[in-house]
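Structure, as structure tokens:
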Amino acid sequence: MSDRITQLRNDFDGELKAVSADAGANALRDRWVGRKSGVITAEMKTLGKLSPEDRRVAGQRLNELKDYVEAEIEKLQADFAAKREAEQLVKERIDVTLPGRRIEAGHLHPITLLRQKIEDIFVSMGYEIEDGPEIETNFYNFDALNIPANHPARSPQDTFYINDHLALRSQTSTMQIHAMQKRRPPLRIAAPGRVFRRDTPDATHNPMFYQVEGLLIDRGITLGDLKGTVEEFVRRLFGPETRTRFRPSYFPFVEPGAEIDYTCFKCNGAGCRICKGSGWIEMGGSGMVHPNVLRAVGIDPEEFTGFAFGLGLDRLCALMYGLDDIRLLYENDVRFLEQFR
Ligand code: PHE
């Protein structure tokens, strides 16, 4: 019996070595210690034929063999599991030092970026941002802005009319009227938006473009306030070294009126390609709100005065980004737009 158990153990060791996969380990366990037909189970059943003394010794050795078989198979299964895990780790390995794949996200249009920057400056100076209609009655487009009946801006050659009373606004100055009707002075508003003019499109013109209007009304406001405000505005937009100059000009809704220029943000006034050698860039119109405009909205010009200024965003945007044609801003060509992400 003792030799037989040694033989069994040798047999098992041989079979154990030959197992190369998980399934094999399970089969080996069933074959040796399976409850019904396991080799050791069967061997146990033969113990009854032995003398009590032999039975004790052989029973003990068989039990040891059984423990040994179970432990070896467990070890083998643990080895297989560890090997499987190691293989999986290699297979699923990722190189965290590789650069990530960039996710294509939407981004803002260059005009929007510029508008937001300008809005932020106005807000930082205590102005509220106002939005208003793009289709206006003649009252907002012309009458309230002191634009006389025979003024060329009223002609259908300059303005897009919808009918006799309605037209697309040709300037954000219409927002002066809305703002003053909506709230009583003192008031400070900035109104960005689209405006429309019957211009033939070319590199510097488009029938639709963007303006921002600034308006301030209070007691005792002077031309000095306008100049100081515009100076501060361009410094915040282009940098503290920027200077401004005012050239007398005429707009029906202001008196006096002036065109504003600022020193070129590229060459700071020395003259370069951007400012065409002059050192100055045109910003837009400005002036002290005309008494007739204040009267049109029921504000007493003896009590309140104010200023307004307007600037165009499109040419500025083109200058800032070095575009040689503003129409690029409206064509929605993705190859152009995706450069601004
Ligand atoms: N609305 C004028 C324009 O479009 C600019 C302007 C605004 C002038 C405010 C005076 C005051 O040219």
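Labeling convention for the structure tokens: chains A, B, ... as they appear, residues from 1 per chain, ligands from 1 in order of appearance.
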
Per-residue DSSP, segment 28-219 of chain A, filtered to alpha helix (DSSP H), as a PyMOL selection string: chain A and resi 28-33+39-45+52-91+110-124+138-141+174-182

Can you list, as a PyMOL selection string, every protein, DNA or RNA residue that comes within 12 Å of Tyr321 of chain A when you count only C-alpha atoms, leaving out same-chain residues fewer than 6 positions away? chain A and resi 110-111+113-114+265-266+274+314-315+328-329+336-337+339-340

Find the nearest atom pair between each residue of chain A and ligand 1 for residues within 7 Å, count only C-alpha atoms and all ligand atoms, give distances in Å to one decimal, sort rows by chain and ascending number, and present the table as CSV.
```
residue,atom,partner,partner_atom_place_in_ligand_line,distance
A:Gln171,CA,ligand 1,4 (O),4.8
A:Thr172,CA,ligand 1,1 (N),6.2
A:Ser173,CA,ligand 1,1 (N),5.0
A:Glu213,CA,ligand 1,7 (C),6.2
A:Phe251,CA,ligand 1,10 (C),5.9
A:Phe253,CA,ligand 1,10 (C),6.8
A:Val254,CA,ligand 1,10 (C),6.0
A:Gly257,CA,ligand 1,10 (C),6.3
A:Gly284,CA,ligand 1,5 (C),5.8
A:Gly285,CA,ligand 1,8 (C),3.6
A:Ser286,CA,ligand 1,10 (C),3.6
A:Gly287,CA,ligand 1,11 (C),5.2
A:Ala308,CA,ligand 1,9 (C),4.5
A:Phe309,CA,ligand 1,9 (C),3.7
A:Gly310,CA,ligand 1,7 (C),3.8
A:Leu311,CA,ligand 1,5 (C),6.6
```

Among listed residues A:Leu89, A:Ile5, A:Leu108, A:Cys317, nearest Asn63 of chain A (using only C-alpha atoms): A:Ile5

Applying 12 Å and only C-alpha atoms, which residues near segment 143-151 of chain A remain after dropping the ones on its own chain fewer than 2 positions away? List them as an mmCIF file with C-alpha atoms, in the first residue's frame.
```
data_model
loop_
_atom_site.group_PDB
_atom_site.id
_atom_site.type_symbol
_atom_site.label_atom_id
_atom_site.label_comp_id
_atom_site.auth_asym_id
_atom_site.auth_seq_id
_atom_site.Cartn_x
_atom_site.Cartn_y
_atom_site.Cartn_z
ATOM 1 C CA GLU A 136 -36.657 99.957 -36.934
ATOM 2 C CA THR A 137 -39.337 102.499 -37.677
ATOM 3 C CA ASN A 138 -38.416 105.797 -39.265
ATOM 4 C CA PHE A 139 -38.753 107.367 -35.823
ATOM 5 C CA TYR A 140 -35.805 105.402 -34.391
ATOM 6 C CA ASN A 141 -33.823 105.311 -37.624
ATOM 7 C CA ALA A 153 -29.098 108.487 -45.396
ATOM 8 C CA ARG A 154 -32.891 108.242 -45.753
ATOM 9 C CA SER A 155 -32.684 107.387 -49.419
ATOM 10 C CA PRO A 156 -33.481 103.834 -50.493
ATOM 11 C CA GLN A 157 -30.101 103.853 -52.170
ATOM 12 C CA ASP A 158 -28.421 103.861 -48.762
ATOM 13 C CA THR A 159 -30.942 102.110 -46.535
ATOM 14 C CA HIS A 165 -42.185 102.931 -42.290
ATOM 15 C CA GLN A 171 -26.308 102.402 -37.319
ATOM 16 C CA THR A 172 -26.491 101.408 -33.655
ATOM 17 C CA SER A 173 -27.252 105.062 -32.821
ATOM 18 C CA THR A 174 -30.894 103.945 -32.892
ATOM 19 C CA MET A 175 -30.100 102.365 -29.544
ATOM 20 C CA GLN A 176 -29.559 105.827 -28.047
ATOM 21 C CA ILE A 177 -33.264 106.450 -28.483
ATOM 22 C CA HIS A 178 -34.329 103.069 -27.071
ATOM 23 C CA MET A 180 -33.281 106.941 -23.217
ATOM 24 C CA GLN A 181 -36.896 105.882 -23.592
ATOM 25 C CA TYR A 250 -20.799 116.298 -38.675
ATOM 26 C CA PHE A 251 -23.485 113.856 -37.558
ATOM 27 C CA PRO A 252 -27.064 115.176 -37.263
ATOM 28 C CA PHE A 253 -27.570 113.645 -33.805
ATOM 29 C CA VAL A 254 -24.574 115.288 -32.112
ATOM 30 C CA GLU A 255 -23.303 118.832 -31.685
ATOM 31 C CA VAL A 289 -25.902 114.391 -27.893
ATOM 32 C CA HIS A 290 -27.906 116.972 -29.842
ATOM 33 C CA PRO A 291 -30.580 118.846 -27.809
ATOM 34 C CA ASN A 292 -33.172 117.795 -30.410
ATOM 35 C CA VAL A 293 -32.399 114.137 -29.712
ATOM 36 C CA LEU A 294 -32.870 114.657 -25.977
ATOM 37 C CA ARG A 295 -36.142 116.478 -26.647
ATOM 38 C CA ALA A 296 -37.360 113.661 -28.903
ATOM 39 C CA VAL A 297 -37.324 111.337 -25.896
ATOM 40 C CA GLY A 298 -38.604 113.903 -23.398
ATOM 41 C CA ALA A 308 -22.278 109.264 -27.660
#
```
